[in-house]
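Enquirer: What follows is a single structure, and I will ask about it in a moment.
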Amino acid sequence: MSPGLALWRRLPPWAVDTALVALAGLDAWINLFGEADPVMWACAAVGCAGLFLRRRFPLAVFLLTLPMTLFMDVAVAPIAALYTLAASTRDRPLLAGCALLNAAADTLAWPLSHTFAGDRTWTLVQFVYTLATACAPVLFGQLVQARHDVARQLVEVEEAREHERVLHAQNVLARERAQLAREMHDVVSHQVSLIAVQAGALQVAAKDADAREGARTIRVLSTKTLDELRHMVTLLRASGGRETELTPQPTLADLQQLLANSGIETTLTGELPPDISTTAQRTVYRTVQEALTNVRKHAPGARADVRLWHDAHHFGVTITNTAPTRPSVPLPSARHGLIGLKERAELLHGTLTAEPTPQGGYEVELRAPARAD
């Protein structure tokens with residue numbers, strides 16, 4: 001876009017209309033100077049001042065310029081009125097009629113008897129010339145209107161393309177989620193199923209009570225993991241379709257069952273306020289679950305103490321485990337569990353700390369404001 005065109009578009013409409021009225025008034029004054037009567041001045045004033053309303057009433061403003069066109073040889077007011085009318089309407093017969101009216105008013109002389117007193121051939125030539133002059137603003141107005149239509153259509157096309165890009169991205173995401181669901185179902189679920197089957201067989205065959213209890217714990221945890229995996233696969237396969245109802249999320253009422261299935265000697269003390277939100281309850285549950293998972297992985301044989309607490313301003317849970325009594329098996333760990341817990345704590349506007357104890361154990365504590373949602 002050229003600098004001149006950019007400057008023109010930045011001008012406010014009232015400034016353009018004021019300049020146009022002033023130019024039309026100057027044009028009329030030059031033609032009327034020294035030989036006009038009050039009627040001519042009145043027609044010129046009405047025709048020029050009407051340009052202020054050309055954007056709202058283009059046809060009426062054009063009709064107001066016809067008397068001054070009949071009385072004098074003006075160009076600014078009728079051309080501006082014709083252009084505005086052409087740029088705002090799609091009625092081609094109306095535009096043709098207005099162009100003919102303007103040419104007729106410009107060709108006729110006042111008084112009307114003078115029009116046909118001279119050479120009629122010259123009168124016809126003048127009519128054709130004024131008609132061509134009137135067609136110029138009409139064609140230019142229609143061109144501007146067509147340009148606006150094309151620009152609007154280009155915007156619609158771009159919006160349609162953007163919508164197509166979004167749909168394509170959603171389709172790609174759906175395929176990736178479906179592939180991930182297949183991998184989880186075929187690989188992870190299969191391996192966990194084998195663990196559950198082997199644990200069940202060990203529970204039946206083992207003669208030692210501790211071995212049977214350990215096998216039972218493994219089987220229960222494997223079965224629960226399979227249920228969660230199946231639910232995750234269902235969510236992944238939904239892939240943006242109809243909403244899939246989530247399974248009931250854990251709350252504080254499920255904490256006892258979690259400790260019983262942990263396979264760790266644990267004690268639970270304290271309590272939390274009964275009115276804390278379900279989000280806070282779920283965060284407490286996941287904190288205890290991750291802490292017990294880390295105890296099983298990194299501190300075999302250790303005991304764990306889970307303490308729920310609250311005061312006037314905060315609530316939380318503290319999980320402390322003793323030092324391991326057996327050597328741990330090296331297992332891969334990216335510490336993503338603790339990172340996820342810290343993010344959950346931040347959603348409650350709280351904090352999560354995890355640090356070793358002087359006795360060789362480990363302590364994890366979640367602390368959140370009493371009114372955290």
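Ordering of the structure tokens sets the chain letters (A, B, ...); residue numbers start at 1 within each chain; ligands are numbered from 1 in the order shown.
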Which neighbours of region 130-139 of chain A fall inside 10 Å, counting only C-alpha atoms, when residues of the same chain fewer than 3 positions from it are skipped, and could you give them as a PyMOL selection string?
Expert: chain A and resi 75+78-87+92+95-96+98-107+124-127+142-145
Enquirer: If you run DSSP on the backbone, which residues of region 129-288 of chain A are helix (DSSP H, G or I), as a PyMOL selection string?
Expert: chain A and resi 129-205+209-238+252-260+278-288
Enquirer: Neighbouring residues of Ala201 (chain A) were defined as those with any atom within 12 Å, considering only C-alpha atoms; residues of the same chain fewer than 6 positions away were excluded. Please report them as a PyMOL selection string.
Expert: chain A and resi 194-195+207+211-212+215-216+218-219
Enquirer: For the residues selected in the previous step, produce a file with N, CA, C and O atoms as a CSV table (one decimal), in the first residue's frame.
Expert:
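part.csv, written as the output of this step:
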chain,number,residue,atom,x,y,z
A,194,LEU,N,0.1,-60.1,32.3
A,194,LEU,CA,1.0,-61.2,32.6
A,194,LEU,C,1.5,-61.1,34.1
A,194,LEU,O,1.5,-62.2,34.8
A,195,ILE,N,1.7,-59.9,34.6
A,195,ILE,CA,2.1,-59.8,36.0
A,195,ILE,C,1.0,-60.2,36.9
A,195,ILE,O,1.2,-60.9,37.9
A,207,LYS,N,3.8,-71.4,49.7
A,207,LYS,CA,3.5,-72.0,51.0
A,207,LYS,C,3.7,-71.0,52.1
A,207,LYS,O,3.1,-71.2,53.2
A,211,ALA,N,4.8,-64.7,51.5
A,211,ALA,CA,4.9,-64.7,50.0
A,211,ALA,C,3.5,-64.7,49.4
A,211,ALA,O,3.3,-64.0,48.4
A,212,ARG,N,2.6,-65.4,50.0
A,212,ARG,CA,1.2,-65.3,49.5
A,212,ARG,C,0.6,-63.9,49.6
A,212,ARG,O,0.0,-63.4,48.7
A,215,ALA,N,2.2,-61.8,46.9
A,215,ALA,CA,1.6,-62.1,45.6
A,215,ALA,C,0.2,-61.5,45.5
A,215,ALA,O,-0.2,-61.0,44.4
A,216,ARG,N,-0.6,-61.6,46.6
A,216,ARG,CA,-1.9,-61.0,46.6
A,216,ARG,C,-1.9,-59.5,46.3
A,216,ARG,O,-2.6,-58.9,45.5
A,218,ILE,N,0.5,-57.8,44.8
A,218,ILE,CA,0.9,-57.6,43.4
A,218,ILE,C,-0.3,-57.8,42.4
A,218,ILE,O,-0.5,-57.0,41.5
A,219,ARG,N,-1.1,-58.8,42.7
A,219,ARG,CA,-2.2,-59.1,41.8
A,219,ARG,C,-3.3,-58.0,41.9
A,219,ARG,O,-3.8,-57.5,40.9
Enquirer: Please identify all polymer residues within 8 Å of region 259-269 of chain A, counting only C-alpha atoms, omitting same-chain residues fewer than 6 positions from it, and present them as a list in words.
Expert: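 Near region 259-269 of chain A, the qualifying residues are Gly214, Thr217, Val220, Leu221, Leu292, Thr293, Arg296, Gly301, Ala302, Arg303, Ala304, Asp305, Val306, Arg307 and Leu308 of chain A.
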Enquirer: Which region 61-115 of chain A residues have any atom within 8 Å of an atom of region 24-29 of chain A, and for each, what is the nearest pair of atoms with distance in Å to one decimal, counting only C-alpha atoms, rows sorted by chain and number, as a tab-separated table?
Expert:
residue	atom	partner	partner_atom	distance
A:Met72	CA	A:Ala28	CA	7.6
A:Val74	CA	A:Ala28	CA	6.1
A:Ala75	CA	A:Asp27	CA	7.5
A:Val76	CA	A:Ala24	CA	5.2
A:Ala77	CA	A:Ala24	CA	5.3
Enquirer: Residues as selected, C-alpha atoms, written as a compact mmCIF listing (two decimals), in the first residue's frame, can you do that?
Expert:
# COMPACT_ATOMS: atom_id res chain seq x y z
CA MET A 72 -24.94 26.30 -13.04
CA VAL A 74 -20.81 22.59 -11.39
CA ALA A 75 -19.02 19.27 -11.16
CA VAL A 76 -17.87 18.51 -7.60
CA ALA A 77 -21.22 18.06 -5.83
Enquirer: Counting only C-alpha atoms, what is within 12 Å of Leu347 (chain A), bar same-chain residues fewer than 4 positions away, as a list in words?
Expert: Thr279, Ala280, Arg282, Thr283, Gly340, Leu341, Lys342, Glu343, Thr351, Leu352, Arg367, Ala368, Pro369, Ala372 and Asp373 of chain A
Enquirer: Go ahead and write the residues just picked, all heavy atoms, as a compact mmCIF listing (two decimals), in the first residue's frame.
Expert:
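As written to disk, again-v8.txt reads:
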# COMPACT_ATOMS: atom_id res chain seq x y z
N THR A 279 -10.91 -31.48 44.59
CA THR A 279 -9.58 -31.32 43.98
C THR A 279 -8.50 -31.46 45.03
O THR A 279 -7.46 -32.13 44.80
CB THR A 279 -9.48 -29.94 43.31
OG1 THR A 279 -10.51 -29.81 42.32
CG2 THR A 279 -8.12 -29.76 42.63
N ALA A 280 -8.70 -30.87 46.19
CA ALA A 280 -7.72 -30.99 47.26
C ALA A 280 -7.63 -32.43 47.76
O ALA A 280 -6.53 -32.94 48.02
CB ALA A 280 -8.09 -30.05 48.41
N ARG A 282 -8.21 -35.13 46.02
CA ARG A 282 -7.52 -35.91 45.00
C ARG A 282 -6.01 -35.64 45.04
O ARG A 282 -5.21 -36.56 44.85
CB ARG A 282 -8.08 -35.56 43.63
CG ARG A 282 -7.55 -36.42 42.51
CD ARG A 282 -8.42 -36.32 41.28
NE ARG A 282 -8.54 -34.96 40.78
CZ ARG A 282 -9.66 -34.25 40.82
NH1 ARG A 282 -10.76 -34.76 41.35
NH2 ARG A 282 -9.70 -33.03 40.33
N THR A 283 -5.63 -34.39 45.31
CA THR A 283 -4.20 -34.07 45.39
C THR A 283 -3.55 -34.77 46.58
O THR A 283 -2.43 -35.29 46.48
CB THR A 283 -4.02 -32.54 45.51
OG1 THR A 283 -4.61 -31.91 44.36
CG2 THR A 283 -2.56 -32.16 45.60
N GLY A 340 5.01 -33.84 38.88
CA GLY A 340 3.55 -33.76 38.78
C GLY A 340 2.89 -33.38 40.09
O GLY A 340 1.93 -32.61 40.12
N LEU A 341 3.43 -33.89 41.21
CA LEU A 341 2.87 -33.53 42.51
C LEU A 341 3.08 -32.05 42.82
O LEU A 341 2.21 -31.40 43.41
CB LEU A 341 3.50 -34.39 43.61
CG LEU A 341 3.13 -35.88 43.60
CD1 LEU A 341 3.81 -36.58 44.76
CD2 LEU A 341 1.62 -36.07 43.66
N LYS A 342 4.25 -31.53 42.46
CA LYS A 342 4.48 -30.09 42.69
C LYS A 342 3.52 -29.24 41.86
O LYS A 342 3.03 -28.21 42.33
CB LYS A 342 5.93 -29.76 42.33
CG LYS A 342 6.94 -30.29 43.34
CD LYS A 342 8.35 -29.87 42.98
CE LYS A 342 9.36 -30.39 44.01
NZ LYS A 342 10.75 -30.01 43.69
N GLU A 343 3.22 -29.68 40.63
CA GLU A 343 2.25 -28.95 39.82
C GLU A 343 0.86 -29.01 40.44
O GLU A 343 0.12 -28.02 40.44
CB GLU A 343 2.23 -29.52 38.41
CG GLU A 343 3.53 -29.28 37.64
CD GLU A 343 3.54 -29.96 36.28
OE1 GLU A 343 2.60 -30.75 36.02
OE2 GLU A 343 4.46 -29.70 35.49
N THR A 351 2.50 -25.82 48.44
CA THR A 351 3.87 -26.23 48.15
C THR A 351 4.03 -27.72 48.45
O THR A 351 3.28 -28.30 49.24
CB THR A 351 4.88 -25.44 49.00
OG1 THR A 351 4.58 -25.65 50.40
CG2 THR A 351 4.82 -23.95 48.68
N LEU A 352 5.04 -28.31 47.82
CA LEU A 352 5.39 -29.70 48.08
C LEU A 352 6.89 -29.76 48.36
O LEU A 352 7.69 -29.24 47.58
CB LEU A 352 5.05 -30.58 46.89
CG LEU A 352 5.38 -32.06 47.12
CD1 LEU A 352 4.21 -32.75 47.80
CD2 LEU A 352 5.71 -32.76 45.80
N ARG A 367 1.59 -28.96 51.62
CA ARG A 367 1.02 -27.89 52.45
C ARG A 367 0.23 -26.97 51.54
O ARG A 367 0.75 -26.50 50.52
CB ARG A 367 2.12 -27.12 53.18
CG ARG A 367 1.64 -25.89 53.95
CD ARG A 367 2.81 -25.14 54.56
NE ARG A 367 3.45 -25.94 55.59
CZ ARG A 367 3.15 -25.85 56.89
NH1 ARG A 367 2.22 -25.00 57.29
NH2 ARG A 367 3.76 -26.57 57.76
N ALA A 368 -1.02 -26.70 51.89
CA ALA A 368 -1.89 -25.84 51.06
C ALA A 368 -2.72 -24.96 51.97
O ALA A 368 -3.00 -25.31 53.12
CB ALA A 368 -2.79 -26.70 50.17
N PRO A 369 -3.15 -23.78 51.48
CA PRO A 369 -4.01 -22.91 52.27
C PRO A 369 -5.32 -23.59 52.60
O PRO A 369 -5.82 -24.45 51.85
CB PRO A 369 -4.22 -21.69 51.35
CG PRO A 369 -3.09 -21.73 50.39
CD PRO A 369 -2.76 -23.17 50.20
N ALA A 372 -8.02 -23.51 49.88
CA ALA A 372 -7.61 -23.87 48.52
C ALA A 372 -8.72 -24.67 47.85
O ALA A 372 -9.36 -25.50 48.45
CB ALA A 372 -6.33 -24.67 48.54
N ASP A 373 -8.93 -24.39 46.55
CA ASP A 373 -9.96 -25.11 45.79
C ASP A 373 -9.29 -26.18 44.94
O ASP A 373 -8.26 -25.96 44.38
CB ASP A 373 -10.74 -24.14 44.88
CG ASP A 373 -11.60 -23.19 45.74
OD1 ASP A 373 -12.04 -23.60 46.81
OD2 ASP A 373 -11.79 -22.07 45.29
Enquirer: Near Cys43 (chain A), within 10 Å and counting only C-alpha atoms, which residues show up once chain neighbours fewer than 2 positions away are dropped, as a PyMOL selection string?
Expert: chain A and resi 28+38-41+45-49+64-71
Enquirer: So, with only C-alpha atoms as the atoms that count, which of A:Leu202, A:Glu290, A:Val284, A:Thr325 lies closest to Leu348 (chain A)?
Expert: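 Selected residue with least distance to Leu348 (chain A): A:Val284.
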Enquirer: For Ala199 (chain A), which residue out of A:Pro273, A:Thr223, A:Ala22, A:Thr357 is the nearest one, using only C-alpha atoms?
Expert: A:Thr223
